[in-house]
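J.: Mind having a look at this structure? Questions to follow.
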2 protein chains.
Amino acid sequence: MTRRSRLSPRVRVWLVAGLSLVGGYVIATARQVVVRPPLVLGQDAVSGPQSREARVTLEQAGGSVIRVRPVTGEAGTLLVFYPGGLVRPQAYEWLGRALAARGVETVIPVFPLDLAVTAANRADALIATYGAGKRVVIAGHSLGGAMAAQYAARHAGRVQGLILMAAYPAGNVSLKGQSLPALSLLAERDAVADPAAVRGGLERLPDGATLTVIPGAVHAFFGRYGPQKGDGEPSVSRAQAEGDILNAVTGFLGRL
Amino acid sequence: MTRRSRLSPRVRVWLVAGLSLVGGYVIATARQVVVRPPLVLGQDAVSGPQSREARVTLEQAGGSVIRVRPVTGEAGTLLVFYPGGLVRPQAYEWLGRALAARGVETVIPVFPLDLAVTAANRADALIATYGAGKRVVIAGHSLGGAMAAQYAARHAGRVQGLILMAAYPAGNVSLKGQSLPALSLLAERDAVADPAAVRGGLERLPDGATLTVIPGAVHAFFGRYGPQKGDGEPSVSRAQAEGDILNAVTGFLGRL
């Protein structure tokens, strides 16, 4: 009470007004992050005509997950895909659909706040639910890639391959010495994930990890979520970059 | 003072706190609209290799404008393009670049708040600056299309063609009776601009106006700004829809 009594009523009212104004501002700003855009399947997910035939469902396995299966329902490979930070998972449905036409099943978990870091071990439940009898590969874009690498590092033997897209293992995560096949995709004109850092990340990937450059591509070309603030200027079309990404991924999966 | 004295100091503080909280919330929310994302040229604007060769500059003509010219610098047609509401103008650079490879110059004005309705007559300055010796066509997407139609209706003779993309003239705007060639593009799976309203808009376009349906496309496929809330589910790839849009536009321009 002693400190409070030093403030005149008028000062106190101004103080309350100022703090409340800041509070309201913070609430509205936080709301943008906390309230995610709607989860809509099929929003922009078609490539060629074959990609239309995939079976896409929203299921529950340790939380919501987008499951993309070949039209036959049968797949020899399960790809667990961690989205980039604050990117809605449906942005990667295009990749799942394109891979489904090649006999791969893809599961894209919905993370709290769209941040893979909130539940980096989501792969556990996904592999338990969908992985039986399949070769399991974990992949991720950007922050999701870093979390995929962390999962692979800490659960040796649970995945048979690792694919990083515009991503690298965090400084305290290393897969050095593991015999896990790994592929790192670098968007040549990425200005969000520093290409030098992506290249540097090879040091913390298993020996024999491959780096493939996607010519002319930018950070936002891995997911269909629109242009990204601070990204580079691409010199190819998104469609061409997607074709190159798909070739690199299917080539890697084919060699497992 | 009489009313004020009825409130106890405690109630007054709560009132101030509540109003300030709401005020802060409103300020943060308004900021999202007022502060536009950065204007970045070339962010996602390439289609085929030819589209890379266009000359793109940010110029001043009654305000900022993105100018996209053929590599030769020469063009027989000037396309004035009004962006959709709250869509950054660079989302349509892809169209300008693709048309540049076909000898068309495109100017895309930057509108205050990215709302064409704030300056529907921007075409005046653009035509004066860039239109000399050229056939002038005005076009627009969504809200920009409605404003393009309004400009054409109120400035008969100043443009030689009108192209609406997922748009229609407002109820109080009619070009009926004008001899202006007009093309209306309808995205088959548009769930933002009601297809019935787009078709109905033909009633307020000049006789002989053509409606062309872009099969499987959605509202957000006219500009490269990412998926749009409330939009439909496309059954084709964005690249295919863009090809169809381009064919319809070049066909129309070729018949002028």
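Identifiers in the structure tokens: chain A, B, ... in order shown; residue index from 1 per chain; ligand index from 1 in order shown.
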Would you list which chain A residues are within 6 Å of chain B using only C-alpha atoms, as a PyMOL selection string?

T.: chain A and resi 13+16-17+20-22+24-25+28+42-43+46-47+225-226+233+236-237

J.: Can I get the selected residues back with N, CA and C atoms, as a PDB file, in the first residue's frame?

T.:
```pdb
ATOM      1  N   VAL A  13      -4.821   6.222 -13.169  1.00  0.00           N
ATOM      2  CA  VAL A  13      -5.729   5.995 -14.299  1.00  0.00           C
ATOM      3  C   VAL A  13      -4.940   5.930 -15.608  1.00  0.00           C
ATOM      4  N   VAL A  16      -3.105   2.619 -15.767  1.00  0.00           N
ATOM      5  CA  VAL A  16      -4.026   1.534 -16.103  1.00  0.00           C
ATOM      6  C   VAL A  16      -4.384   1.589 -17.589  1.00  0.00           C
ATOM      7  N   ALA A  17      -4.646   2.797 -18.106  1.00  0.00           N
ATOM      8  CA  ALA A  17      -5.008   2.950 -19.518  1.00  0.00           C
ATOM      9  C   ALA A  17      -3.870   2.468 -20.413  1.00  0.00           C
ATOM     10  N   SER A  20      -3.407  -1.352 -20.218  1.00  0.00           N
ATOM     11  CA  SER A  20      -4.521  -2.055 -20.861  1.00  0.00           C
ATOM     12  C   SER A  20      -4.421  -1.961 -22.375  1.00  0.00           C
ATOM     13  N   LEU A  21      -3.985  -0.782 -22.862  1.00  0.00           N
ATOM     14  CA  LEU A  21      -3.824  -0.588 -24.301  1.00  0.00           C
ATOM     15  C   LEU A  21      -2.793  -1.578 -24.838  1.00  0.00           C
ATOM     16  N   VAL A  22      -1.664  -1.659 -24.138  1.00  0.00           N
ATOM     17  CA  VAL A  22      -0.615  -2.602 -24.534  1.00  0.00           C
ATOM     18  C   VAL A  22      -1.156  -4.031 -24.449  1.00  0.00           C
ATOM     19  N   GLY A  24      -4.265  -5.099 -24.776  1.00  0.00           N
ATOM     20  CA  GLY A  24      -5.173  -5.355 -25.892  1.00  0.00           C
ATOM     21  C   GLY A  24      -4.401  -5.598 -27.185  1.00  0.00           C
ATOM     22  N   TYR A  25      -3.333  -4.817 -27.374  1.00  0.00           N
ATOM     23  CA  TYR A  25      -2.495  -4.958 -28.566  1.00  0.00           C
ATOM     24  C   TYR A  25      -1.847  -6.343 -28.592  1.00  0.00           C
ATOM     25  N   ALA A  28      -4.400  -9.127 -29.393  1.00  0.00           N
ATOM     26  CA  ALA A  28      -4.764  -9.202 -30.812  1.00  0.00           C
ATOM     27  C   ALA A  28      -3.616  -9.783 -31.635  1.00  0.00           C
ATOM     28  N   GLY A  42      -7.233 -30.456 -49.859  1.00  0.00           N
ATOM     29  CA  GLY A  42      -7.438 -30.285 -51.290  1.00  0.00           C
ATOM     30  C   GLY A  42      -7.428 -28.853 -51.770  1.00  0.00           C
ATOM     31  N   GLN A  43      -6.967 -27.915 -50.909  1.00  0.00           N
ATOM     32  CA  GLN A  43      -7.088 -26.498 -51.242  1.00  0.00           C
ATOM     33  C   GLN A  43      -6.244 -26.115 -52.462  1.00  0.00           C
ATOM     34  N   VAL A  46      -3.200 -30.304 -56.308  1.00  0.00           N
ATOM     35  CA  VAL A  46      -3.105 -31.092 -57.535  1.00  0.00           C
ATOM     36  C   VAL A  46      -1.841 -30.721 -58.308  1.00  0.00           C
ATOM     37  N   SER A  47      -1.179 -31.721 -58.874  1.00  0.00           N
ATOM     38  CA  SER A  47      -0.099 -31.470 -59.831  1.00  0.00           C
ATOM     39  C   SER A  47      -0.588 -32.031 -61.159  1.00  0.00           C
ATOM     40  N   TYR A 225       1.975 -22.397 -49.751  1.00  0.00           N
ATOM     41  CA  TYR A 225       1.374 -21.466 -48.792  1.00  0.00           C
ATOM     42  C   TYR A 225       1.535 -20.024 -49.220  1.00  0.00           C
ATOM     43  N   GLY A 226       1.983 -19.814 -50.444  1.00  0.00           N
ATOM     44  CA  GLY A 226       2.146 -18.450 -50.931  1.00  0.00           C
ATOM     45  C   GLY A 226       3.542 -17.921 -50.682  1.00  0.00           C
ATOM     46  N   GLU A 233      14.407 -14.317 -54.608  1.00  0.00           N
ATOM     47  CA  GLU A 233      13.693 -14.153 -55.879  1.00  0.00           C
ATOM     48  C   GLU A 233      13.947 -15.390 -56.735  1.00  0.00           C
ATOM     49  N   VAL A 236      12.906 -19.760 -61.440  1.00  0.00           N
ATOM     50  CA  VAL A 236      12.125 -20.794 -62.125  1.00  0.00           C
ATOM     51  C   VAL A 236      10.685 -20.707 -61.623  1.00  0.00           C
ATOM     52  N   SER A 237       9.798 -21.406 -62.298  1.00  0.00           N
ATOM     53  CA  SER A 237       8.415 -21.450 -61.835  1.00  0.00           C
ATOM     54  C   SER A 237       8.314 -22.416 -60.662  1.00  0.00           C
TER      55      SER A 237
END
```

J.: Tell me, as a list in words, which residues lie within 10 Å of Ala248 of chain A, counting only C-alpha atoms; anything in the same chain fewer than 2 positions away does not count.

T.: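 Listed by chain and then number, they are Ile163, Leu183, Ser184, Leu185, Leu211, Thr212, Val213, Ile214, Glu242, Gly243, Asp244, Ile245, Leu246, Thr250, Gly251, Phe252, Leu253 and Gly254 of chain A.
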
J.: Write out as a PDB file with N, CA, C and O atoms, in the first residue's frame all residues of segment 11-237 of chain B that DSSP puts in strand (DSSP E) for this structure's backbone.

T.:
```pdb
ATOM      1  N   ARG B  55      11.046  -7.034 -68.856  1.00  0.00           N
ATOM      2  CA  ARG B  55      11.658  -5.944 -68.073  1.00  0.00           C
ATOM      3  C   ARG B  55      10.638  -5.472 -67.057  1.00  0.00           C
ATOM      4  O   ARG B  55       9.571  -4.968 -67.429  1.00  0.00           O
ATOM      5  N   VAL B  56      10.949  -5.588 -65.782  1.00  0.00           N
ATOM      6  CA  VAL B  56       9.999  -5.224 -64.730  1.00  0.00           C
ATOM      7  C   VAL B  56      10.590  -4.111 -63.883  1.00  0.00           C
ATOM      8  O   VAL B  56      11.709  -4.233 -63.376  1.00  0.00           O
ATOM      9  N   THR B  57       9.847  -3.014 -63.752  1.00  0.00           N
ATOM     10  CA  THR B  57      10.333  -1.881 -62.972  1.00  0.00           C
ATOM     11  C   THR B  57       9.207  -1.349 -62.088  1.00  0.00           C
ATOM     12  O   THR B  57       8.027  -1.500 -62.410  1.00  0.00           O
ATOM     13  N   LEU B  58       9.585  -0.738 -60.979  1.00  0.00           N
ATOM     14  CA  LEU B  58       8.627  -0.054 -60.115  1.00  0.00           C
ATOM     15  C   LEU B  58       8.738   1.425 -60.454  1.00  0.00           C
ATOM     16  O   LEU B  58       9.799   2.023 -60.307  1.00  0.00           O
ATOM     17  N   GLU B  59       7.640   2.017 -60.959  1.00  0.00           N
ATOM     18  CA  GLU B  59       7.696   3.401 -61.409  1.00  0.00           C
ATOM     19  C   GLU B  59       6.642   4.247 -60.709  1.00  0.00           C
ATOM     20  O   GLU B  59       5.874   3.744 -59.888  1.00  0.00           O
ATOM     21  N   GLN B  60       6.622   5.547 -61.037  1.00  0.00           N
ATOM     22  CA  GLN B  60       5.632   6.458 -60.467  1.00  0.00           C
ATOM     23  C   GLN B  60       4.762   7.023 -61.578  1.00  0.00           C
ATOM     24  O   GLN B  60       5.282   7.570 -62.558  1.00  0.00           O
ATOM     25  N   SER B  64       2.667   4.630 -57.120  1.00  0.00           N
ATOM     26  CA  SER B  64       3.569   3.553 -57.554  1.00  0.00           C
ATOM     27  C   SER B  64       2.853   2.595 -58.495  1.00  0.00           C
ATOM     28  O   SER B  64       1.645   2.377 -58.375  1.00  0.00           O
ATOM     29  N   VAL B  65       3.601   2.058 -59.422  1.00  0.00           N
ATOM     30  CA  VAL B  65       3.040   1.099 -60.372  1.00  0.00           C
ATOM     31  C   VAL B  65       4.124   0.110 -60.796  1.00  0.00           C
ATOM     32  O   VAL B  65       5.285   0.488 -60.984  1.00  0.00           O
ATOM     33  N   ILE B  66       3.743  -1.153 -60.898  1.00  0.00           N
ATOM     34  CA  ILE B  66       4.650  -2.169 -61.429  1.00  0.00           C
ATOM     35  C   ILE B  66       4.467  -2.185 -62.949  1.00  0.00           C
ATOM     36  O   ILE B  66       3.350  -2.351 -63.445  1.00  0.00           O
ATOM     37  N   ARG B  67       5.560  -1.965 -63.666  1.00  0.00           N
ATOM     38  CA  ARG B  67       5.506  -1.919 -65.129  1.00  0.00           C
ATOM     39  C   ARG B  67       6.255  -3.123 -65.688  1.00  0.00           C
ATOM     40  O   ARG B  67       7.431  -3.330 -65.382  1.00  0.00           O
ATOM     41  N   VAL B  68       5.575  -3.901 -66.510  1.00  0.00           N
ATOM     42  CA  VAL B  68       6.165  -5.114 -67.079  1.00  0.00           C
ATOM     43  C   VAL B  68       6.164  -4.989 -68.595  1.00  0.00           C
ATOM     44  O   VAL B  68       5.095  -4.898 -69.219  1.00  0.00           O
ATOM     45  N   ARG B  69       7.343  -4.930 -69.185  1.00  0.00           N
ATOM     46  CA  ARG B  69       7.465  -4.728 -70.623  1.00  0.00           C
ATOM     47  C   ARG B  69       8.145  -5.893 -71.316  1.00  0.00           C
ATOM     48  O   ARG B  69       8.963  -6.592 -70.704  1.00  0.00           O
ATOM     49  N   THR B  77       0.005  -3.208 -77.193  1.00  0.00           N
ATOM     50  CA  THR B  77      -1.122  -3.183 -76.264  1.00  0.00           C
ATOM     51  C   THR B  77      -0.648  -2.830 -74.863  1.00  0.00           C
ATOM     52  O   THR B  77       0.385  -3.329 -74.409  1.00  0.00           O
ATOM     53  N   LEU B  78      -1.415  -1.965 -74.188  1.00  0.00           N
ATOM     54  CA  LEU B  78      -1.165  -1.675 -72.775  1.00  0.00           C
ATOM     55  C   LEU B  78      -2.298  -2.295 -71.971  1.00  0.00           C
ATOM     56  O   LEU B  78      -3.470  -1.982 -72.188  1.00  0.00           O
ATOM     57  N   LEU B  79      -1.946  -3.190 -71.045  1.00  0.00           N
ATOM     58  CA  LEU B  79      -2.940  -3.771 -70.150  1.00  0.00           C
ATOM     59  C   LEU B  79      -2.813  -3.104 -68.783  1.00  0.00           C
ATOM     60  O   LEU B  79      -1.767  -3.190 -68.139  1.00  0.00           O
ATOM     61  N   VAL B  80      -3.887  -2.418 -68.370  1.00  0.00           N
ATOM     62  CA  VAL B  80      -3.921  -1.814 -67.031  1.00  0.00           C
ATOM     63  C   VAL B  80      -4.623  -2.812 -66.127  1.00  0.00           C
ATOM     64  O   VAL B  80      -5.781  -3.177 -66.378  1.00  0.00           O
ATOM     65  N   PHE B  81      -3.923  -3.289 -65.081  1.00  0.00           N
ATOM     66  CA  PHE B  81      -4.472  -4.379 -64.275  1.00  0.00           C
ATOM     67  C   PHE B  81      -4.698  -3.960 -62.825  1.00  0.00           C
ATOM     68  O   PHE B  81      -3.764  -3.607 -62.113  1.00  0.00           O
ATOM     69  N   TYR B  82      -5.962  -4.039 -62.383  1.00  0.00           N
ATOM     70  CA  TYR B  82      -6.317  -3.708 -61.001  1.00  0.00           C
ATOM     71  C   TYR B  82      -6.335  -4.991 -60.152  1.00  0.00           C
ATOM     72  O   TYR B  82      -7.146  -5.896 -60.388  1.00  0.00           O
ATOM     73  N   VAL B 104       2.851  -7.719 -75.065  1.00  0.00           N
ATOM     74  CA  VAL B 104       1.922  -6.865 -74.321  1.00  0.00           C
ATOM     75  C   VAL B 104       2.664  -6.201 -73.159  1.00  0.00           C
ATOM     76  O   VAL B 104       3.472  -6.846 -72.482  1.00  0.00           O
ATOM     77  N   GLU B 105       2.390  -4.903 -72.932  1.00  0.00           N
ATOM     78  CA  GLU B 105       2.925  -4.220 -71.757  1.00  0.00           C
ATOM     79  C   GLU B 105       1.840  -4.184 -70.687  1.00  0.00           C
ATOM     80  O   GLU B 105       0.680  -3.879 -70.979  1.00  0.00           O
ATOM     81  N   THR B 106       2.194  -4.494 -69.445  1.00  0.00           N
ATOM     82  CA  THR B 106       1.215  -4.518 -68.354  1.00  0.00           C
ATOM     83  C   THR B 106       1.641  -3.553 -67.255  1.00  0.00           C
ATOM     84  O   THR B 106       2.816  -3.525 -66.876  1.00  0.00           O
ATOM     85  N   VAL B 107       0.687  -2.768 -66.769  1.00  0.00           N
ATOM     86  CA  VAL B 107       0.971  -1.912 -65.613  1.00  0.00           C
ATOM     87  C   VAL B 107      -0.006  -2.268 -64.499  1.00  0.00           C
ATOM     88  O   VAL B 107      -1.219  -2.351 -64.703  1.00  0.00           O
ATOM     89  N   ILE B 108       0.554  -2.518 -63.315  1.00  0.00           N
ATOM     90  CA  ILE B 108      -0.237  -2.952 -62.161  1.00  0.00           C
ATOM     91  C   ILE B 108      -0.074  -1.902 -61.065  1.00  0.00           C
ATOM     92  O   ILE B 108       0.968  -1.846 -60.402  1.00  0.00           O
ATOM     93  N   PRO B 109      -1.079  -1.046 -60.858  1.00  0.00           N
ATOM     94  CA  PRO B 109      -0.932   0.013 -59.863  1.00  0.00           C
ATOM     95  C   PRO B 109      -0.923  -0.525 -58.438  1.00  0.00           C
ATOM     96  O   PRO B 109      -1.563  -1.532 -58.133  1.00  0.00           O
ATOM     97  N   ARG B 135      -3.001   0.215 -77.999  1.00  0.00           N
ATOM     98  CA  ARG B 135      -4.360  -0.214 -77.708  1.00  0.00           C
ATOM     99  C   ARG B 135      -4.429  -0.422 -76.197  1.00  0.00           C
ATOM    100  O   ARG B 135      -3.596  -1.142 -75.627  1.00  0.00           O
ATOM    101  N   VAL B 136      -5.389   0.208 -75.521  1.00  0.00           N
ATOM    102  CA  VAL B 136      -5.444   0.113 -74.062  1.00  0.00           C
ATOM    103  C   VAL B 136      -6.584  -0.812 -73.628  1.00  0.00           C
ATOM    104  O   VAL B 136      -7.731  -0.653 -74.048  1.00  0.00           O
ATOM    105  N   VAL B 137      -6.253  -1.791 -72.808  1.00  0.00           N
ATOM    106  CA  VAL B 137      -7.248  -2.712 -72.255  1.00  0.00           C
ATOM    107  C   VAL B 137      -7.150  -2.626 -70.736  1.00  0.00           C
ATOM    108  O   VAL B 137      -6.043  -2.607 -70.181  1.00  0.00           O
ATOM    109  N   ILE B 138      -8.309  -2.558 -70.063  1.00  0.00           N
ATOM    110  CA  ILE B 138      -8.298  -2.544 -68.602  1.00  0.00           C
ATOM    111  C   ILE B 138      -8.811  -3.886 -68.095  1.00  0.00           C
ATOM    112  O   ILE B 138      -9.732  -4.483 -68.675  1.00  0.00           O
ATOM    113  N   ALA B 139      -8.161  -4.361 -67.058  1.00  0.00           N
ATOM    114  CA  ALA B 139      -8.516  -5.666 -66.501  1.00  0.00           C
ATOM    115  C   ALA B 139      -8.437  -5.602 -64.979  1.00  0.00           C
ATOM    116  O   ALA B 139      -7.849  -4.677 -64.418  1.00  0.00           O
ATOM    117  N   GLY B 140      -9.037  -6.587 -64.336  1.00  0.00           N
ATOM    118  CA  GLY B 140      -8.928  -6.639 -62.886  1.00  0.00           C
ATOM    119  C   GLY B 140      -9.439  -7.951 -62.339  1.00  0.00           C
ATOM    120  O   GLY B 140     -10.227  -8.649 -62.984  1.00  0.00           O
ATOM    121  N   HIS B 141      -8.948  -8.256 -61.142  1.00  0.00           N
ATOM    122  CA  HIS B 141      -9.335  -9.499 -60.455  1.00  0.00           C
ATOM    123  C   HIS B 141     -10.218  -9.139 -59.266  1.00  0.00           C
ATOM    124  O   HIS B 141      -9.872  -8.253 -58.489  1.00  0.00           O
ATOM    125  N   GLY B 161     -10.833  -2.313 -74.504  1.00  0.00           N
ATOM    126  CA  GLY B 161     -11.207  -3.663 -74.094  1.00  0.00           C
ATOM    127  C   GLY B 161     -11.275  -3.761 -72.578  1.00  0.00           C
ATOM    128  O   GLY B 161     -10.667  -2.946 -71.861  1.00  0.00           O
ATOM    129  N   LEU B 162     -12.066  -4.746 -72.088  1.00  0.00           N
ATOM    130  CA  LEU B 162     -12.253  -4.939 -70.648  1.00  0.00           C
ATOM    131  C   LEU B 162     -12.159  -6.435 -70.343  1.00  0.00           C
ATOM    132  O   LEU B 162     -12.812  -7.248 -71.007  1.00  0.00           O
ATOM    133  N   ILE B 163     -11.339  -6.788 -69.355  1.00  0.00           N
ATOM    134  CA  ILE B 163     -11.222  -8.197 -68.943  1.00  0.00           C
ATOM    135  C   ILE B 163     -11.507  -8.300 -67.447  1.00  0.00           C
ATOM    136  O   ILE B 163     -10.825  -7.664 -66.637  1.00  0.00           O
ATOM    137  N   LEU B 164     -12.509  -9.097 -67.103  1.00  0.00           N
ATOM    138  CA  LEU B 164     -12.834  -9.321 -65.698  1.00  0.00           C
ATOM    139  C   LEU B 164     -12.412 -10.732 -65.306  1.00  0.00           C
ATOM    140  O   LEU B 164     -12.698 -11.696 -66.024  1.00  0.00           O
ATOM    141  N   MET B 165     -11.729 -10.840 -64.170  1.00  0.00           N
ATOM    142  CA  MET B 165     -11.337 -12.164 -63.679  1.00  0.00           C
ATOM    143  C   MET B 165     -12.037 -12.397 -62.345  1.00  0.00           C
ATOM    144  O   MET B 165     -11.767 -11.689 -61.366  1.00  0.00           O
ATOM    145  N   ALA B 182     -15.556  -7.180 -74.365  1.00  0.00           N
ATOM    146  CA  ALA B 182     -15.352  -7.545 -72.961  1.00  0.00           C
ATOM    147  C   ALA B 182     -15.245  -9.048 -72.801  1.00  0.00           C
ATOM    148  O   ALA B 182     -15.915  -9.824 -73.493  1.00  0.00           O
ATOM    149  N   LEU B 183     -14.370  -9.462 -71.871  1.00  0.00           N
ATOM    150  CA  LEU B 183     -14.160 -10.881 -71.575  1.00  0.00           C
ATOM    151  C   LEU B 183     -14.316 -11.074 -70.070  1.00  0.00           C
ATOM    152  O   LEU B 183     -13.737 -10.340 -69.280  1.00  0.00           O
ATOM    153  N   SER B 184     -15.122 -12.054 -69.688  1.00  0.00           N
ATOM    154  CA  SER B 184     -15.288 -12.366 -68.278  1.00  0.00           C
ATOM    155  C   SER B 184     -14.778 -13.775 -68.023  1.00  0.00           C
ATOM    156  O   SER B 184     -15.239 -14.730 -68.645  1.00  0.00           O
ATOM    157  N   LEU B 185     -13.803 -13.908 -67.123  1.00  0.00           N
ATOM    158  CA  LEU B 185     -13.247 -15.233 -66.800  1.00  0.00           C
ATOM    159  C   LEU B 185     -13.832 -15.729 -65.483  1.00  0.00           C
ATOM    160  O   LEU B 185     -13.777 -15.030 -64.477  1.00  0.00           O
ATOM    161  N   LEU B 186     -14.390 -16.922 -65.542  1.00  0.00           N
ATOM    162  CA  LEU B 186     -15.003 -17.498 -64.353  1.00  0.00           C
ATOM    163  C   LEU B 186     -14.207 -18.727 -63.920  1.00  0.00           C
ATOM    164  O   LEU B 186     -14.002 -19.655 -64.706  1.00  0.00           O
ATOM    165  N   ALA B 187     -13.719 -18.737 -62.689  1.00  0.00           N
ATOM    166  CA  ALA B 187     -13.035 -19.914 -62.153  1.00  0.00           C
ATOM    167  C   ALA B 187     -14.107 -20.915 -61.740  1.00  0.00           C
ATOM    168  O   ALA B 187     -14.947 -20.627 -60.899  1.00  0.00           O
ATOM    169  N   THR B 210     -17.895 -12.000 -73.784  1.00  0.00           N
ATOM    170  CA  THR B 210     -17.664 -13.441 -73.741  1.00  0.00           C
ATOM    171  C   THR B 210     -17.423 -13.899 -72.317  1.00  0.00           C
ATOM    172  O   THR B 210     -16.682 -13.250 -71.577  1.00  0.00           O
ATOM    173  N   LEU B 211     -18.043 -15.016 -71.951  1.00  0.00           N
ATOM    174  CA  LEU B 211     -17.716 -15.636 -70.667  1.00  0.00           C
ATOM    175  C   LEU B 211     -16.885 -16.879 -70.946  1.00  0.00           C
ATOM    176  O   LEU B 211     -17.300 -17.748 -71.718  1.00  0.00           O
ATOM    177  N   THR B 212     -15.710 -16.959 -70.340  1.00  0.00           N
ATOM    178  CA  THR B 212     -14.873 -18.145 -70.489  1.00  0.00           C
ATOM    179  C   THR B 212     -14.665 -18.774 -69.113  1.00  0.00           C
ATOM    180  O   THR B 212     -14.263 -18.094 -68.172  1.00  0.00           O
ATOM    181  N   VAL B 213     -14.962 -20.072 -69.023  1.00  0.00           N
ATOM    182  CA  VAL B 213     -14.792 -20.783 -67.764  1.00  0.00           C
ATOM    183  C   VAL B 213     -13.384 -21.371 -67.716  1.00  0.00           C
ATOM    184  O   VAL B 213     -12.932 -21.990 -68.677  1.00  0.00           O
ATOM    185  N   ILE B 214     -12.671 -21.129 -66.607  1.00  0.00           N
ATOM    186  CA  ILE B 214     -11.359 -21.754 -66.399  1.00  0.00           C
ATOM    187  C   ILE B 214     -11.625 -23.035 -65.608  1.00  0.00           C
ATOM    188  O   ILE B 214     -11.916 -22.996 -64.409  1.00  0.00           O
TER     189      ILE B 214
END
```

J.: Extract the full set of helix (DSSP H, G or I) residues from segment 114-153 of chain B according to DSSP on the backbone, and format it as a ChimeraX atom specification.

T.: /B:114,116-119,123-130,143-153

J.: Go ahead and save the residues from that selection, with C-alpha atoms, as a PDB file, in the first residue's frame.

T.:
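New file out10.pdb:
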```
ATOM      1  CA  ASP B 114      -4.328  -2.641 -51.646  1.00  0.00           C
ATOM      2  CA  ALA B 116      -8.704  -0.558 -55.867  1.00  0.00           C
ATOM      3  CA  VAL B 117     -11.843   1.113 -54.533  1.00  0.00           C
ATOM      4  CA  THR B 118      -9.645   3.802 -52.916  1.00  0.00           C
ATOM      5  CA  ALA B 119      -8.526   5.098 -56.325  1.00  0.00           C
ATOM      6  CA  ALA B 123      -6.087   4.198 -64.940  1.00  0.00           C
ATOM      7  CA  ASP B 124      -6.256   7.894 -65.972  1.00  0.00           C
ATOM      8  CA  ALA B 125      -2.647   8.593 -65.031  1.00  0.00           C
ATOM      9  CA  LEU B 126      -1.473   5.192 -66.254  1.00  0.00           C
ATOM     10  CA  ILE B 127      -3.016   5.620 -69.694  1.00  0.00           C
ATOM     11  CA  ALA B 128      -1.633   9.157 -69.922  1.00  0.00           C
ATOM     12  CA  THR B 129       1.858   7.963 -69.005  1.00  0.00           C
ATOM     13  CA  TYR B 130       2.096   4.628 -70.801  1.00  0.00           C
ATOM     14  CA  LEU B 143     -12.701  -6.240 -56.374  1.00  0.00           C
ATOM     15  CA  GLY B 144     -10.141  -4.907 -58.884  1.00  0.00           C
ATOM     16  CA  GLY B 145     -12.312  -6.260 -61.699  1.00  0.00           C
ATOM     17  CA  ALA B 146     -15.389  -4.491 -60.343  1.00  0.00           C
ATOM     18  CA  MET B 147     -13.389  -1.242 -60.259  1.00  0.00           C
ATOM     19  CA  ALA B 148     -12.025  -1.845 -63.771  1.00  0.00           C
ATOM     20  CA  ALA B 149     -15.610  -2.285 -65.010  1.00  0.00           C
ATOM     21  CA  GLN B 150     -16.623   0.918 -63.235  1.00  0.00           C
ATOM     22  CA  TYR B 151     -13.736   2.799 -64.848  1.00  0.00           C
ATOM     23  CA  ALA B 152     -14.664   1.502 -68.300  1.00  0.00           C
ATOM     24  CA  ALA B 153     -18.332   2.383 -67.759  1.00  0.00           C
TER      25      ALA B 153
END
```

J.: Taking 3 positions as the minimum chain separation for residues in the same chain, which residues sit within 8 Å of segment 200-204 of chain A when counting only C-alpha atoms? Answer as number ranges by chain.

T.: A: 167-169, 173-176, 184, 196-197, 209, 211

J.: Let's have the selection written as a short mmCIF file (atom, residue, chain, number, x, y, z; two decimals), in the first residue's frame, with N, CA, C and O atoms.

T.:
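File produced: out_31.cif:
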```
data_model
loop_
_atom_site.label_atom_id
_atom_site.label_comp_id
_atom_site.auth_asym_id
_atom_site.auth_seq_id
_atom_site.Cartn_x
_atom_site.Cartn_y
_atom_site.Cartn_z
N ALA A 167 16.55 -27.09 -44.63
CA ALA A 167 16.64 -27.29 -43.18
C ALA A 167 17.97 -27.94 -42.83
O ALA A 167 18.69 -28.42 -43.71
N TYR A 168 18.27 -27.93 -41.54
CA TYR A 168 19.49 -28.55 -41.05
C TYR A 168 19.29 -28.91 -39.58
O TYR A 168 18.46 -28.31 -38.91
N PRO A 169 20.07 -29.91 -39.09
CA PRO A 169 19.93 -30.27 -37.68
C PRO A 169 20.39 -29.09 -36.82
O PRO A 169 21.35 -28.40 -37.18
N VAL A 173 22.33 -31.08 -32.25
CA VAL A 173 21.82 -32.36 -32.75
C VAL A 173 22.78 -32.89 -33.80
O VAL A 173 23.13 -32.17 -34.73
N SER A 174 23.24 -34.13 -33.65
CA SER A 174 24.11 -34.69 -34.68
C SER A 174 23.75 -36.14 -34.97
O SER A 174 23.45 -36.91 -34.07
N LEU A 175 23.74 -36.46 -36.25
CA LEU A 175 23.51 -37.83 -36.68
C LEU A 175 24.80 -38.45 -37.19
O LEU A 175 24.79 -39.54 -37.78
N LYS A 176 25.89 -37.73 -36.98
CA LYS A 176 27.22 -38.22 -37.41
C LYS A 176 27.44 -39.62 -36.86
O LYS A 176 27.18 -39.88 -35.68
N SER A 184 19.50 -33.96 -48.20
CA SER A 184 19.25 -32.56 -47.85
C SER A 184 18.99 -31.77 -49.13
O SER A 184 19.81 -31.77 -50.04
N ALA A 196 24.23 -21.31 -46.71
CA ALA A 196 25.48 -21.71 -46.06
C ALA A 196 25.19 -22.58 -44.84
O ALA A 196 25.90 -23.56 -44.58
N ALA A 197 24.12 -22.25 -44.11
CA ALA A 197 23.75 -23.04 -42.93
C ALA A 197 23.23 -24.41 -43.35
O ALA A 197 23.50 -25.41 -42.68
N ALA A 209 25.49 -38.62 -46.58
CA ALA A 209 24.29 -37.82 -46.83
C ALA A 209 24.47 -37.04 -48.12
O ALA A 209 25.57 -36.57 -48.42
N LEU A 211 23.53 -33.88 -50.68
CA LEU A 211 22.93 -32.56 -50.81
C LEU A 211 22.50 -32.36 -52.25
O LEU A 211 23.30 -32.53 -53.18
#
```
